[in-house]
Amino acid sequence: MKKFLLLTAALLSFNSYITNAIAADDYAQTKSLSERFFSTGEDRLVDASIIVGSFSKHLTDDFEPTSGYNETHQSLGIDIEKNAKNGFIPGVTLFSFKDSFDNSSFVALGTLAYKKTFHPTFSIKGGLAAGLVDTSYYSGAVASPFVEACYYFVCPQLSYFPKLSGRADSFLALQLKFKVLGGPYK
């Protein structure tokens, strides 16, 4: 039930963003929502990526189990963000994964990043993700800075998660994202 509530809150938040973006955009009057959502050009409303891999490297070991940490997380999720070449970009990330103790977990994050496109096929983005996480060792709020580099449709993203007092060690996480809606700018 908790995962359902997290997913519902994240989707309602993103729906509000989309509704406000359309209402404030004169261009929305000339094309339908489906034309803007699935456009292949720069007028596309959002970019979407599938998250299919996640790896971590723990930086401290205060809470490490005797069997060691699981650092290959078998994640699967989706990342949806405003389509833009440059500037600040809001987004939503939802994914499930095997946590550091090899148990099923879920994350719902809102993101705000600054993106710079250097070439139609290459961009870099850095920002902050904040939201809710549900793992075997921690359930609650989390915030993490991240950096991402995209080349064509492949976007590795590196995040830092600080040590949670009495709960979890700090770690770096690498996620592999593949754009399914969006990609290189013409």
# chains A, B, ... in the order shown; residues from 1 in each chain; ligands from 1
$ residues_around --residues "Ser67 of chain A" --least-positions-apart "5" --cutoff "12 Å" --atoms "only C-alpha atoms" --output "list in words"
Ser100, Phe101 and Asp102 of chain A
$ residues_around --residues "Gly110 of chain A" --least-positions-apart "5" --cutoff "6 Å" --atoms "only C-alpha atoms" --output "ChimeraX atom specification"
/A:91-92,129-131
$ residues_around --residues "Tyr160 of chain A" --least-positions-apart "6" --cutoff "9 Å" --atoms "only C-alpha atoms" --output "PDB file with N, CA and C atoms, in the first residue's frame"
ATOM      1  N   SER A 144      19.473  13.671  -2.615  1.00  0.00           N
ATOM      2  CA  SER A 144      20.737  13.251  -3.206  1.00  0.00           C
ATOM      3  C   SER A 144      21.129  14.163  -4.361  1.00  0.00           C
ATOM      4  N   PRO A 145      22.373  14.657  -4.367  1.00  0.00           N
ATOM      5  CA  PRO A 145      22.856  15.364  -5.557  1.00  0.00           C
ATOM      6  C   PRO A 145      23.215  14.335  -6.631  1.00  0.00           C
ATOM      7  N   PHE A 146      23.110  14.729  -7.900  1.00  0.00           N
ATOM      8  CA  PHE A 146      23.460  13.806  -8.985  1.00  0.00           C
ATOM      9  C   PHE A 146      24.046  14.561 -10.168  1.00  0.00           C
ATOM     10  N   SER A 170      27.009   5.694   3.812  1.00  0.00           N
ATOM     11  CA  SER A 170      26.991   6.542   2.611  1.00  0.00           C
ATOM     12  C   SER A 170      27.455   5.709   1.416  1.00  0.00           C
ATOM     13  N   PHE A 171      26.988   6.103   0.218  1.00  0.00           N
ATOM     14  CA  PHE A 171      27.394   5.364  -0.977  1.00  0.00           C
ATOM     15  C   PHE A 171      27.229   6.218  -2.230  1.00  0.00           C
ATOM     16  N   LEU A 172      27.918   5.798  -3.267  1.00  0.00           N
ATOM     17  CA  LEU A 172      27.732   6.341  -4.610  1.00  0.00           C
ATOM     18  C   LEU A 172      26.890   5.346  -5.384  1.00  0.00           C
ATOM     19  N   ALA A 173      25.951   5.827  -6.186  1.00  0.00           N
ATOM     20  CA  ALA A 173      25.100   4.957  -6.994  1.00  0.00           C
ATOM     21  C   ALA A 173      25.221   5.356  -8.461  1.00  0.00           C
TER      22      ALA A 173
END
$ atom_distance --atom1 "atom CA of Leu128 of chain A" --atom2 "atom CA of Glu64 of chain A"
26.3 Å
$ residues_around --residues "Asn83 of chain A" --least-positions-apart "2" --cutoff "6 Å" --atoms "only C-alpha atoms" --output "PDB file with N, CA, C and O atoms, in the first residue's frame"
ATOM      1  N   LEU A  45       6.892  17.732 -25.268  1.00  0.00           N
ATOM      2  CA  LEU A  45       6.617  18.197 -23.914  1.00  0.00           C
ATOM      3  C   LEU A  45       7.547  17.566 -22.878  1.00  0.00           C
ATOM      4  O   LEU A  45       8.042  18.236 -21.987  1.00  0.00           O
ATOM      5  N   VAL A  46       7.798  16.252 -22.977  1.00  0.00           N
ATOM      6  CA  VAL A  46       8.630  15.554 -21.988  1.00  0.00           C
ATOM      7  C   VAL A  46       9.626  14.616 -22.658  1.00  0.00           C
ATOM      8  O   VAL A  46       9.450  14.226 -23.808  1.00  0.00           O
ATOM      9  N   ASP A  47      10.660  14.277 -21.912  1.00  0.00           N
ATOM     10  CA  ASP A  47      11.576  13.194 -22.263  1.00  0.00           C
ATOM     11  C   ASP A  47      11.330  12.079 -21.258  1.00  0.00           C
ATOM     12  O   ASP A  47      11.034  12.339 -20.091  1.00  0.00           O
TER      13      ASP A  47
END
$ atom_distance --atom1 "atom CA of Ser139 of chain A" --atom2 "atom CA of Phe88 of chain A"
28.8 Å
$ atom_distance --atom1 "atom CA of Lys82 of chain A" --atom2 "atom CA of Ala48 of chain A"
8.8 Å
$ closest_residue --among "A:Thr60, A:Asn70, A:Asn103, A:Ser123" --to "Asp169 of chain A" --atoms "only C-alpha atoms"
A:Thr60
$ residues_around --residues "Asn86 of chain A" --least-positions-apart "5" --cutoff "8 Å" --atoms "only C-alpha atoms" --output "tab-separated table (two decimals) with C-alpha atoms, in the first residue's frame"
chain	number	residue	atom	x	y	z
A	114	TYR	CA	20.36	22.19	-14.76
A	115	LYS	CA	21.05	20.81	-18.24
A	116	LYS	CA	23.56	22.00	-20.81
A	117	THR	CA	23.55	20.60	-24.36
$ select_by_dssp --residues "segment 69-149 of chain A" --states "strand (DSSP E or B)" --output "number ranges by chain"
A: 72, 76-82, 87-98, 104-119, 122-134, 139-149
$ write_last_selection --atoms "C-alpha atoms" --output "JSON list (two decimals), in the first residue's frame"
[["chain", "number", "residue", "atom", "x", "y", "z"],
["A", 72, "THR", "CA", 24.37, -4.78, -8.09],
["A", 76, "LEU", "CA", 13.80, -1.20, -13.20],
["A", 77, "GLY", "CA", 12.02, 2.13, -13.43],
["A", 78, "ILE", "CA", 11.12, 5.23, -15.36],
["A", 79, "ASP", "CA", 12.40, 8.80, -15.40],
["A", 80, "ILE", "CA", 10.20, 11.54, -16.88],
["A", 81, "GLU", "CA", 11.38, 15.12, -17.23],
["A", 82, "LYS", "CA", 10.57, 18.34, -19.05],
["A", 87, "GLY", "CA", 18.23, 25.34, -18.39],
["A", 88, "PHE", "CA", 16.46, 24.07, -15.32],
["A", 89, "ILE", "CA", 14.49, 20.87, -15.79],
["A", 90, "PRO", "CA", 11.97, 19.38, -13.31],
["A", 91, "GLY", "CA", 11.27, 15.67, -13.38],
["A", 92, "VAL", "CA", 9.99, 12.56, -11.64],
["A", 93, "THR", "CA", 11.82, 9.26, -11.12],
["A", 94, "LEU", "CA", 10.15, 6.03, -9.99],
["A", 95, "PHE", "CA", 11.93, 2.70, -9.72],
["A", 96, "SER", "CA", 12.16, -0.57, -7.84],
["A", 97, "PHE", "CA", 15.44, -2.31, -7.03],
["A", 98, "LYS", "CA", 17.19, -4.80, -4.79],
["A", 104, "SER", "CA", 13.01, -5.51, -2.81],
["A", 105, "SER", "CA", 12.79, -1.73, -2.48],
["A", 106, "PHE", "CA", 11.07, 1.27, -4.10],
["A", 107, "VAL", "CA", 11.96, 4.93, -4.69],
["A", 108, "ALA", "CA", 9.82, 7.90, -5.78],
["A", 109, "LEU", "CA", 11.81, 11.11, -6.40],
["A", 110, "GLY", "CA", 11.21, 14.59, -7.69],
["A", 111, "THR", "CA", 14.23, 16.11, -9.43],
["A", 112, "LEU", "CA", 15.42, 19.57, -10.37],
["A", 113, "ALA", "CA", 18.49, 19.75, -12.57],
["A", 114, "TYR", "CA", 20.36, 22.19, -14.76],
["A", 115, "LYS", "CA", 21.05, 20.81, -18.24],
["A", 116, "LYS", "CA", 23.56, 22.00, -20.81],
["A", 117, "THR", "CA", 23.55, 20.60, -24.36],
["A", 118, "PHE", "CA", 27.00, 20.85, -25.95],
["A", 119, "HIS", "CA", 26.18, 19.05, -29.20],
["A", 122, "PHE", "CA", 25.71, 15.13, -26.03],
["A", 123, "SER", "CA", 24.49, 16.84, -22.86],
["A", 124, "ILE", "CA", 25.41, 17.06, -19.18],
["A", 125, "LYS", "CA", 22.99, 17.59, -16.33],
["A", 126, "GLY", "CA", 23.47, 18.12, -12.59],
["A", 127, "GLY", "CA", 20.95, 18.62, -9.84],
["A", 128, "LEU", "CA", 19.19, 17.42, -6.74],
["A", 129, "ALA", "CA", 16.75, 14.54, -6.28],
["A", 130, "ALA", "CA", 14.46, 14.43, -3.24],
["A", 131, "GLY", "CA", 11.62, 12.13, -2.32],
["A", 132, "LEU", "CA", 10.71, 8.94, -0.52],
["A", 133, "VAL", "CA", 12.48, 5.60, -0.32],
["A", 134, "ASP", "CA", 11.24, 2.28, 1.06],
["A", 139, "SER", "CA", 11.73, 4.12, 4.91],
["A", 140, "GLY", "CA", 11.36, 7.86, 4.65],
["A", 141, "ALA", "CA", 12.65, 11.02, 3.04],
["A", 142, "VAL", "CA", 15.93, 11.15, 1.13],
["A", 143, "ALA", "CA", 17.84, 13.81, -0.84],
["A", 144, "SER", "CA", 20.74, 13.25, -3.21],
["A", 145, "PRO", "CA", 22.86, 15.36, -5.56],
["A", 146, "PHE", "CA", 23.46, 13.81, -8.98],
["A", 147, "VAL", "CA", 25.27, 14.33, -12.27],
["A", 148, "GLU", "CA", 24.34, 12.77, -15.62],
["A", 149, "ALA", "CA", 25.93, 12.66, -19.06]]
$ closest_residue --among "A:Ile50, A:Thr121, A:Tyr138, A:Phe55" --to "Ala168 of chain A" --atoms "only C-alpha atoms"
A:Tyr138
$ closest_residue --among "A:Phe63, A:Phe161, A:Gln74, A:Phe178" --to "Tyr137 of chain A" --atoms "only C-alpha atoms"
A:Phe63
